[in-house]
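A quick write-up on the structure given underneath.
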Amino acid sequence: MRRRLEAVSVRNRLKVLRAERDWTQADLAQALEVSRQTVNAIETGKYDPSLPLAFKLARLFCLSIEAIFQDEIEL
Amino acid sequence: MQNDCVVLHLLNDKDTNQLISHSHATGAWAARMIRSTVGLAAWTAAWVATLALATFGPGALWKDATTPTLLAIGVNVLVGVGMLFANKRHLLDLDELQRAIQLDAMAWALGAGVVGGVAWTLYDRHGLVGFDARISHLLMFMAVVYLAGCVAGLRRYR
């Protein structure tokens, strides 16, 4: 059975989660050992983090990865 | 999940509602990146200095003697290899987005260098340029492409 390739885009709740804890981007970047630019790029959806970084985020916020990142399948 | 999660080096100051970070791991990362950046700058400066010595030494210092010239070129190559390793260490110390931007820019510079360099050689071979094609032209072209790639990458993820 042939399946059509589907494009997947990823959304995240990082900005909301950060705001709930009153953290700045610089605070989050320092905790994750990445640059503030990387945090900003993830929040604005311009960059999807690697799996290790996604796990780091999940541990930091005490949430599952799926609670932070949601994928949208575009047909 | 709540019981298993580990808050990485973070404490909330309830009085000021500010995040206080334990800087052990995070400070180590920043310090490592600064160290590798300074190291790369030092190796690059050393390579340029040995290049200058190998370029101008034969004419200005040892009057075209073969042995010192060979030694100077050999030292320049060794320092260049050190610079390559320093560049690799620096790349590994960057965060993943910074590394992606750098690798993209390097890929463009490499490709442009190959394609542009071959074309430039052909132009020279067939007498289509009014001066000799030199390796410095290629290096400058690759440097410009690399810088443009870095700027484009930084703007893309801004």
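By order in the structure tokens, chains are A, B, ...; within a chain, residues start at 1; ligands start at 1, following the order shown.
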Do a neighbour search on range 45-52 of chain B at 10 Å with only C-alpha atoms, toss out local chain neighbours closer than 3 positions, and write the hits as a PDB file with N, CA and C atoms, in the first residue's frame.
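What ended up in out.pdb:
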ATOM      1  N   GLY B  39      40.987  30.053  21.821  1.00  0.00           N
ATOM      2  CA  GLY B  39      41.958  29.106  21.270  1.00  0.00           C
ATOM      3  C   GLY B  39      41.986  29.142  19.755  1.00  0.00           C
ATOM      4  N   LEU B  40      40.798  29.176  19.140  1.00  0.00           N
ATOM      5  CA  LEU B  40      40.719  29.234  17.684  1.00  0.00           C
ATOM      6  C   LEU B  40      41.335  30.528  17.167  1.00  0.00           C
ATOM      7  N   ALA B  41      41.050  31.633  17.848  1.00  0.00           N
ATOM      8  CA  ALA B  41      41.632  32.912  17.441  1.00  0.00           C
ATOM      9  C   ALA B  41      43.157  32.863  17.534  1.00  0.00           C
ATOM     10  N   ALA B  42      43.659  32.240  18.581  1.00  0.00           N
ATOM     11  CA  ALA B  42      45.112  32.155  18.774  1.00  0.00           C
ATOM     12  C   ALA B  42      45.761  31.302  17.676  1.00  0.00           C
ATOM     13  N   THR B  55      56.135  33.552   3.633  1.00  0.00           N
ATOM     14  CA  THR B  55      55.969  34.350   2.415  1.00  0.00           C
ATOM     15  C   THR B  55      57.112  35.352   2.254  1.00  0.00           C
ATOM     16  N   PHE B  56      57.400  36.067   3.322  1.00  0.00           N
ATOM     17  CA  PHE B  56      58.355  37.165   3.223  1.00  0.00           C
ATOM     18  C   PHE B  56      59.745  36.813   3.746  1.00  0.00           C
ATOM     19  N   GLY B  57      59.847  35.714   4.488  1.00  0.00           N
ATOM     20  CA  GLY B  57      61.130  35.323   5.046  1.00  0.00           C
ATOM     21  C   GLY B  57      62.219  35.079   4.014  1.00  0.00           C
ATOM     22  N   ALA B  72      60.066  26.857   7.214  1.00  0.00           N
ATOM     23  CA  ALA B  72      58.993  27.838   7.469  1.00  0.00           C
ATOM     24  C   ALA B  72      57.666  27.335   6.906  1.00  0.00           C
ATOM     25  N   ILE B  73      57.710  26.755   5.707  1.00  0.00           N
ATOM     26  CA  ILE B  73      56.474  26.223   5.108  1.00  0.00           C
ATOM     27  C   ILE B  73      55.967  25.047   5.928  1.00  0.00           C
ATOM     28  N   GLY B  74      56.883  24.189   6.380  1.00  0.00           N
ATOM     29  CA  GLY B  74      56.486  23.041   7.195  1.00  0.00           C
ATOM     30  C   GLY B  74      55.823  23.473   8.499  1.00  0.00           C
ATOM     31  N   VAL B  75      56.400  24.481   9.134  1.00  0.00           N
ATOM     32  CA  VAL B  75      55.814  24.992  10.379  1.00  0.00           C
ATOM     33  C   VAL B  75      54.429  25.572  10.103  1.00  0.00           C
ATOM     34  N   ASN B  76      54.300  26.279   8.983  1.00  0.00           N
ATOM     35  CA  ASN B  76      52.996  26.848   8.627  1.00  0.00           C
ATOM     36  C   ASN B  76      51.949  25.755   8.444  1.00  0.00           C
ATOM     37  N   VAL B  77      52.343  24.667   7.818  1.00  0.00           N
ATOM     38  CA  VAL B  77      51.401  23.551   7.623  1.00  0.00           C
ATOM     39  C   VAL B  77      51.005  22.943   8.972  1.00  0.00           C
ATOM     40  N   LEU B  78      51.990  22.733   9.841  1.00  0.00           N
ATOM     41  CA  LEU B  78      51.692  22.142  11.154  1.00  0.00           C
ATOM     42  C   LEU B  78      50.763  23.042  11.966  1.00  0.00           C
ATOM     43  N   VAL B  79      51.057  24.329  11.954  1.00  0.00           N
ATOM     44  CA  VAL B  79      50.189  25.266  12.671  1.00  0.00           C
ATOM     45  C   VAL B  79      48.792  25.286  12.035  1.00  0.00           C
ATOM     46  N   GLY B  80      48.755  25.141  10.711  1.00  0.00           N
ATOM     47  CA  GLY B  80      47.458  25.073  10.030  1.00  0.00           C
ATOM     48  C   GLY B  80      46.647  23.857  10.463  1.00  0.00           C
ATOM     49  N   VAL B  81      47.312  22.751  10.640  1.00  0.00           N
ATOM     50  CA  VAL B  81      46.618  21.552  11.130  1.00  0.00           C
ATOM     51  C   VAL B  81      46.100  21.794  12.548  1.00  0.00           C
ATOM     52  N   GLY B  82      46.926  22.427  13.371  1.00  0.00           N
ATOM     53  CA  GLY B  82      46.469  22.795  14.715  1.00  0.00           C
ATOM     54  C   GLY B  82      45.249  23.688  14.670  1.00  0.00           C
ATOM     55  N   MET B  83      45.220  24.599  13.700  1.00  0.00           N
ATOM     56  CA  MET B  83      44.080  25.492  13.536  1.00  0.00           C
ATOM     57  C   MET B  83      42.829  24.704  13.156  1.00  0.00           C
TER      58      MET B  83
END
Members of chain A assigned alpha helix (DSSP H) by DSSP, as an MDAnalysis selection string: chainID A and resid 14:20 25:32 36:43 51:61 65:68
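Using only C-alpha atoms, the protein and nucleic acid residues lying no more than 12 Å from Leu139 in chain B, apart from those fewer than 2 places from it along its own chain, are Ala109, Leu110, Ala112, Gly113, Val114, Gly116, Gly117, Ala133, Arg134, Ile135, Ser136, His137, Phe141, Met142, Ala143, Val144, Val145 and Tyr146 of chain B.
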Can I get the selected residues back with C-alpha atoms, as a PDB file, in the first residue's frame?
ATOM      1  CA  ALA B 109      32.086  28.345   1.171  1.00  0.00           C
ATOM      2  CA  LEU B 110      33.461  24.936   0.243  1.00  0.00           C
ATOM      3  CA  ALA B 112      31.660  28.030  -3.941  1.00  0.00           C
ATOM      4  CA  GLY B 113      35.387  27.502  -3.602  1.00  0.00           C
ATOM      5  CA  VAL B 114      35.331  24.358  -5.709  1.00  0.00           C
ATOM      6  CA  GLY B 116      34.415  29.195  -8.414  1.00  0.00           C
ATOM      7  CA  GLY B 117      37.999  28.021  -8.207  1.00  0.00           C
ATOM      8  CA  ALA B 133      44.674  33.867 -11.144  1.00  0.00           C
ATOM      9  CA  ARG B 134      46.105  33.470  -7.644  1.00  0.00           C
ATOM     10  CA  ILE B 135      45.187  31.268  -4.713  1.00  0.00           C
ATOM     11  CA  SER B 136      44.606  34.407  -2.646  1.00  0.00           C
ATOM     12  CA  HIS B 137      41.700  35.306  -4.942  1.00  0.00           C
ATOM     13  CA  PHE B 141      36.151  34.621  -2.393  1.00  0.00           C
ATOM     14  CA  MET B 142      35.578  31.709  -0.010  1.00  0.00           C
ATOM     15  CA  ALA B 143      35.911  34.029   3.007  1.00  0.00           C
ATOM     16  CA  VAL B 144      33.282  36.379   1.586  1.00  0.00           C
ATOM     17  CA  VAL B 145      30.914  33.481   0.871  1.00  0.00           C
ATOM     18  CA  TYR B 146      31.475  32.090   4.389  1.00  0.00           C
TER      19      TYR B 146
END
Distance filter 10 Å, only C-alpha atoms, chain A against chain B, as a VMD selection string: chain A and resid 21 to 24 27 to 35 37 to 42 44 to 50 53 56 to 64
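Among the residues of chain A, backbone DSSP assigns strand (DSSP E) to A:Ala7, A:Val8, A:Ser9, A:Val10, A:Arg11, A:Asn12, A:Phe69, A:Gln70, A:Asp71, A:Glu72, A:Ile73, A:Glu74.
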